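The structure appears below as structure tokens.
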Amino acid sequence: MAHKKHVLPGFGISLGWSVTWVSLLVILPLAALAGKTAAGGWHHFWETVTDPEVVATYRVSFGISLIAALINGIFGFLAAWIFVRYEFPGRRLLEAATDLPFALPTAVAGIALTALYSPNEWIGKWLEPHGIKVAFAPLGVLIAMIFIGFPFVVRAVQPVIADLSADVEEAAACLGASRWQTIRRVILPPLLPAILTGVIMSYGRAVGEYGSIVFISGNIPFQTEITPLMIVQKLEQYDYTGAAALGFTMLAASLVIVLIGNRLQAWGNRFRKHA
Amino acid sequence: MASFIDFRNPPGSDRRADNAVRATAEPRWVRRTLIGIVLGFFALFLFLPLAVVFQGALAKGSGVLIQAFTDHDILHSVQMTLVVALIAVPANTAFGIAAAWAVTRYRFTGRALLMALIDLPLWVSPVIGGLIYVLLYGRRGYFGPWLSAHDIRIIFALPGMVMATTFVTFPFVARSLIPLMQAQGVEEEEAALTLGAGGFQILRRITLPKIRWGLFYGVILCNARAMGEFGAVSVVSAKISGKTNTMPLEIERLYNDYLFPQAFAVAAALALLALLTLVLKTLTEFENARQLEASRRVTLETTIEPPSAA
């Protein structure tokens, strides 16, 4: 394509500035991450990422966050649905409060959740007699991951529900479908890509989360330690190549997650246009 | 297309109407149950944690609060948070405007890559946001030996904390400006150009007023994250109370020292900031939607009929 000459001035300065900034803040440091990972050698890399304690953290960071993301998928969809379709007192307040996990610093969320679920505290004291341990146990990690991932599903699903055209629902009803049949076979299919996109995004956030989890998890080796914590520990021991190896692995995993999310979103958008 | 059925207010008094509505809305008991479930979820996961923060801060009375916010180390952490945000937020605002301008005004090779890199901090672990700078500037990092030979400290000092914060917060302004500037188009800027305006004149007098709400939106989100960042900053800070602790790091220190009322006092201050951010964000979203609608209408009107001489 013949390049149209740029009409507005400022191409050089705006692009130059952006590229310099991105290079200094992202490209150069990521190159250092790749470099340090490579400097450790293949053997060291493999030994670091397959260390039994580290492998146990994958179960938490990649496993528990998957459960959290699925739970968020259900409640996020419900919240988005009632925000768009129902009128009730306090709806606006709930809508605004949805983004609280984005706005609340993770350290604040961390100590708040720990305080709620510690054995002698608000919720913890009700659960303790039943033998349910939340704080300093895997369940606490799950709670923190639900907290920080929740807004993603609502934000992904809400605009799509608002876009749904009512005539297909009316048509389904005219053709004799019950409301439940309409929901299951007419409403949910076009929403599925958006729900999955939200689930994947909330999964990605939970995988990398650090601040809110380290307080409530108690950081028990082989039980509640998360992978980002392993990176922090390696850095504290000045094991740069080990930290880099784990950082590189997490970066690659996050990249895969975000690419899946983008594919899902593209799929959903195509669905929307043809609807 | 527009429906004749108002989803939010299905008529309930008229039985025949109720039968008609049943087909396209859930029965009342289902609606109430769903609202109840969501309310319960919000109460358990969002409102209770918030309540426990304020309760924890106020539990021991105002004496502890006053004592906390006259404590030297805590005050220093407030100062550190403000200094870090005061550097990172304006820097990222300038970058955000430049990046949004470049990406929405021109087509060039690598444009998609630039946009992908702008998004990157949103999906990587904040710990990696600290790690990458340690690998560059830390004691055993690539520039470590040179820096220590020249007695320059970046890691475990303010510059590193500013860098890590800048990394995790730089997508916000650019991300909120790009869709807005894309939707608004460039007609006014081009008109100004034909009337002889220079680049910075266009930016200052046409573009900035047009995007001011989107810009404000990005800046408050950027600021909230900058002041609240924990993971990235905890990696690059020496975590010395009274020296290199920001407010979130000071919360961790107080909490680990079992100084719970003080920890919750600092947490309550940050929670208030979060609430203020949410209020401003919600108000800005309304204003943003209104402006976008207005600009669409103007574009539509001007394309249908040329503006009159008046």
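Labeling convention for the structure tokens: chains A, B, ... as they appear, residues from 1 per chain, ligands from 1 in order of appearance.
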Each chain A residue no farther than 7 Å from chain B, nearest pair in Å, only C-alpha atoms, as a tab-separated table:
```
residue	atom	partner	partner_atom	distance
A:His6	CA	B:Tyr106	CA	6.6
A:Leu8	CA	B:Glu190	CA	6.8
A:Pro9	CA	B:Gly199	CA	5.4
A:Gly10	CA	B:Gly199	CA	6.2
A:Phe11	CA	B:Ala102	CA	6.2
A:Ser14	CA	B:Ala98	CA	4.5
A:Leu15	CA	B:Ala102	CA	5.3
A:Trp17	CA	B:Ala98	CA	6.7
A:Ser18	CA	B:Ala99	CA	5.2
A:Leu25	CA	B:Phe167	CA	6.1
A:Pro29	CA	B:Ile132	CA	5.1
A:Leu30	CA	B:Ile132	CA	6.4
A:Ala32	CA	B:Leu136	CA	6.1
A:Leu33	CA	B:Ile132	CA	5.8
A:Phe75	CA	B:Val38	CA	7.0
A:Leu78	CA	B:Val38	CA	6.9
A:Ala79	CA	B:Val38	CA	5.9
A:Ile82	CA	B:Ile35	CA	6.7
A:Arg85	CA	B:Arg8	CA	5.2
A:Tyr86	CA	B:Arg8	CA	4.5
A:Glu87	CA	B:Arg8	CA	5.0
A:Ala96	CA	B:Thr282	CA	6.4
A:Ala103	CA	B:Ala274	CA	5.0
A:Leu104	CA	B:Ala274	CA	5.2
A:Pro105	CA	B:Gly228	CA	4.4
A:Thr106	CA	B:Phe230	CA	6.7
A:Ala107	CA	B:Pro248	CA	5.8
A:Val108	CA	B:Ala267	CA	5.3
A:Ala109	CA	B:Pro49	CA	6.9
A:Ala112	CA	B:Pro49	CA	5.1
A:Leu113	CA	B:Pro49	CA	5.8
A:Leu116	CA	B:Pro49	CA	6.8
A:Phe147	CA	B:Phe45	CA	6.1
A:Ser165	CA	B:Met1	CA	5.9
A:Ala166	CA	B:Ser3	CA	5.8
A:Asp167	CA	B:Ser3	CA	6.8
A:Glu169	CA	B:Thr24	CA	6.2
A:Glu170	CA	B:Thr24	CA	6.3
A:Ala173	CA	B:Ala23	CA	5.2
A:Ser178	CA	B:Ala23	CA	6.5
A:Arg179	CA	B:Ala23	CA	5.5
A:Gly204	CA	B:Trp123	CA	6.6
A:Arg205	CA	B:Trp123	CA	6.5
A:Gly208	CA	B:Ser125	CA	4.0
A:Glu209	CA	B:Ser125	CA	6.1
A:Tyr210	CA	B:Gly231	CA	5.9
A:Gly211	CA	B:Gly231	CA	5.6
A:Pro228	CA	B:Val127	CA	6.2
A:Val232	CA	B:Val235	CA	6.6
A:Tyr240	CA	B:Leu135	CA	6.7
A:Gly247	CA	B:Ile128	CA	6.0
A:Leu251	CA	B:Val124	CA	6.3
A:Ser254	CA	B:Val124	CA	6.3
```
Polymer residues at most 8 Å from Ser217 (chain A), only C-alpha atoms, same-chain spacing of 4 or more positions, as a ChimeraX atom specification: /A:135-138,140-141,213,224-225
Close residues, Trp46 (chain A) itself excluded, 12 Å, only C-alpha atoms, min 6 positions apart in chain, as a compact mmCIF listing (two decimals) with all heavy atoms, in the first residue's frame:
```
# COMPACT_ATOMS: atom_id res chain seq x y z
N THR A 37 18.35 -15.55 32.01
CA THR A 37 17.85 -16.92 31.94
C THR A 37 18.82 -17.78 31.14
O THR A 37 19.18 -18.89 31.55
CB THR A 37 16.45 -16.96 31.27
OG1 THR A 37 15.62 -16.01 31.92
CG2 THR A 37 15.83 -18.33 31.36
N ALA A 38 19.25 -17.25 30.00
CA ALA A 38 20.18 -17.99 29.15
C ALA A 38 21.53 -18.17 29.83
O ALA A 38 22.17 -19.22 29.72
CB ALA A 38 20.34 -17.28 27.81
N GLY A 40 22.22 -18.69 32.81
CA GLY A 40 22.23 -19.79 33.77
C GLY A 40 22.45 -21.14 33.13
O GLY A 40 22.79 -22.11 33.81
N PRO A 52 11.19 -29.55 43.35
CA PRO A 52 9.90 -30.00 43.93
C PRO A 52 9.13 -28.88 44.63
O PRO A 52 7.90 -28.78 44.49
CB PRO A 52 10.33 -31.07 44.94
CG PRO A 52 11.63 -31.57 44.43
CD PRO A 52 12.30 -30.42 43.74
N VAL A 54 9.22 -25.71 43.94
CA VAL A 54 8.69 -24.83 42.89
C VAL A 54 7.51 -25.48 42.19
O VAL A 54 6.48 -24.84 41.94
CB VAL A 54 9.81 -24.47 41.89
CG1 VAL A 54 9.24 -23.76 40.68
CG2 VAL A 54 10.87 -23.62 42.56
N VAL A 55 7.63 -26.76 41.90
CA VAL A 55 6.54 -27.46 41.22
C VAL A 55 5.27 -27.42 42.08
O VAL A 55 4.16 -27.25 41.56
CB VAL A 55 6.95 -28.92 40.91
CG1 VAL A 55 5.75 -29.73 40.42
CG2 VAL A 55 8.05 -28.94 39.86
N THR A 241 20.01 -15.87 38.36
CA THR A 241 19.67 -16.72 37.21
C THR A 241 18.46 -17.59 37.54
O THR A 241 17.61 -17.84 36.69
CB THR A 241 20.85 -17.60 36.79
OG1 THR A 241 21.36 -18.25 37.96
CG2 THR A 241 21.95 -16.80 36.13
N GLY A 242 18.38 -18.04 38.79
CA GLY A 242 17.22 -18.83 39.19
C GLY A 242 15.94 -18.00 39.14
O GLY A 242 14.91 -18.45 38.62
N ALA A 245 15.01 -17.50 35.60
CA ALA A 245 14.42 -18.69 34.99
C ALA A 245 12.93 -18.79 35.34
O ALA A 245 12.09 -19.05 34.47
CB ALA A 245 15.15 -19.94 35.46
N LEU A 246 12.60 -18.55 36.61
CA LEU A 246 11.20 -18.61 37.03
C LEU A 246 10.39 -17.46 36.41
O LEU A 246 9.25 -17.66 35.99
CB LEU A 246 11.10 -18.55 38.55
CG LEU A 246 11.54 -19.83 39.27
CD1 LEU A 246 11.45 -19.63 40.77
CD2 LEU A 246 10.67 -20.99 38.84
N THR A 249 9.69 -18.26 32.84
CA THR A 249 8.65 -19.28 32.73
C THR A 249 7.26 -18.67 32.96
O THR A 249 6.32 -18.94 32.20
CB THR A 249 8.89 -20.39 33.77
OG1 THR A 249 10.25 -20.80 33.68
CG2 THR A 249 7.99 -21.58 33.52
```
In region 204-276 of chain B, DSSP alpha helix (DSSP H) residues written as a ChimeraX atom specification: /B:208-228,231-236,247-256,260-276
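The nearest approach to Pro159 (chain A) among the residues A:Thr114, A:Asn269, A:Thr50, A:Thr20, with only C-alpha atoms taken into account, belongs to A:Asn269.
Going from CA of Val154 (chain A) to CA of Gly198 (chain A) covers 7.3 Å.
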Closest of B:Val84, B:Ile211, B:Ile240, B:Val219 to Pro171 (chain B) - atom-to-atom distances counting only C-alpha atoms: B:Val219
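Between CA of Met80 (chain B) and CA of Gly242 (chain B) lies a distance of 9.1 Å.
Reported to one decimal place, the separation of CA of Met115 (chain B) from CA of Arg296 (chain B) is 24.7 Å.
For the set A:Ile216, A:Ala97, A:Leu235, A:Ala252, the residue with the smallest atom-to-atom gap to Ile111 (chain A) is A:Ile216, counting only C-alpha atoms.
Of the listed residues A:Leu229, A:Ala194, A:Ile187, A:Ala206, the one whose atoms come nearest to Ala266 (chain A) is A:Ala194, with distances taken using only C-alpha atoms.
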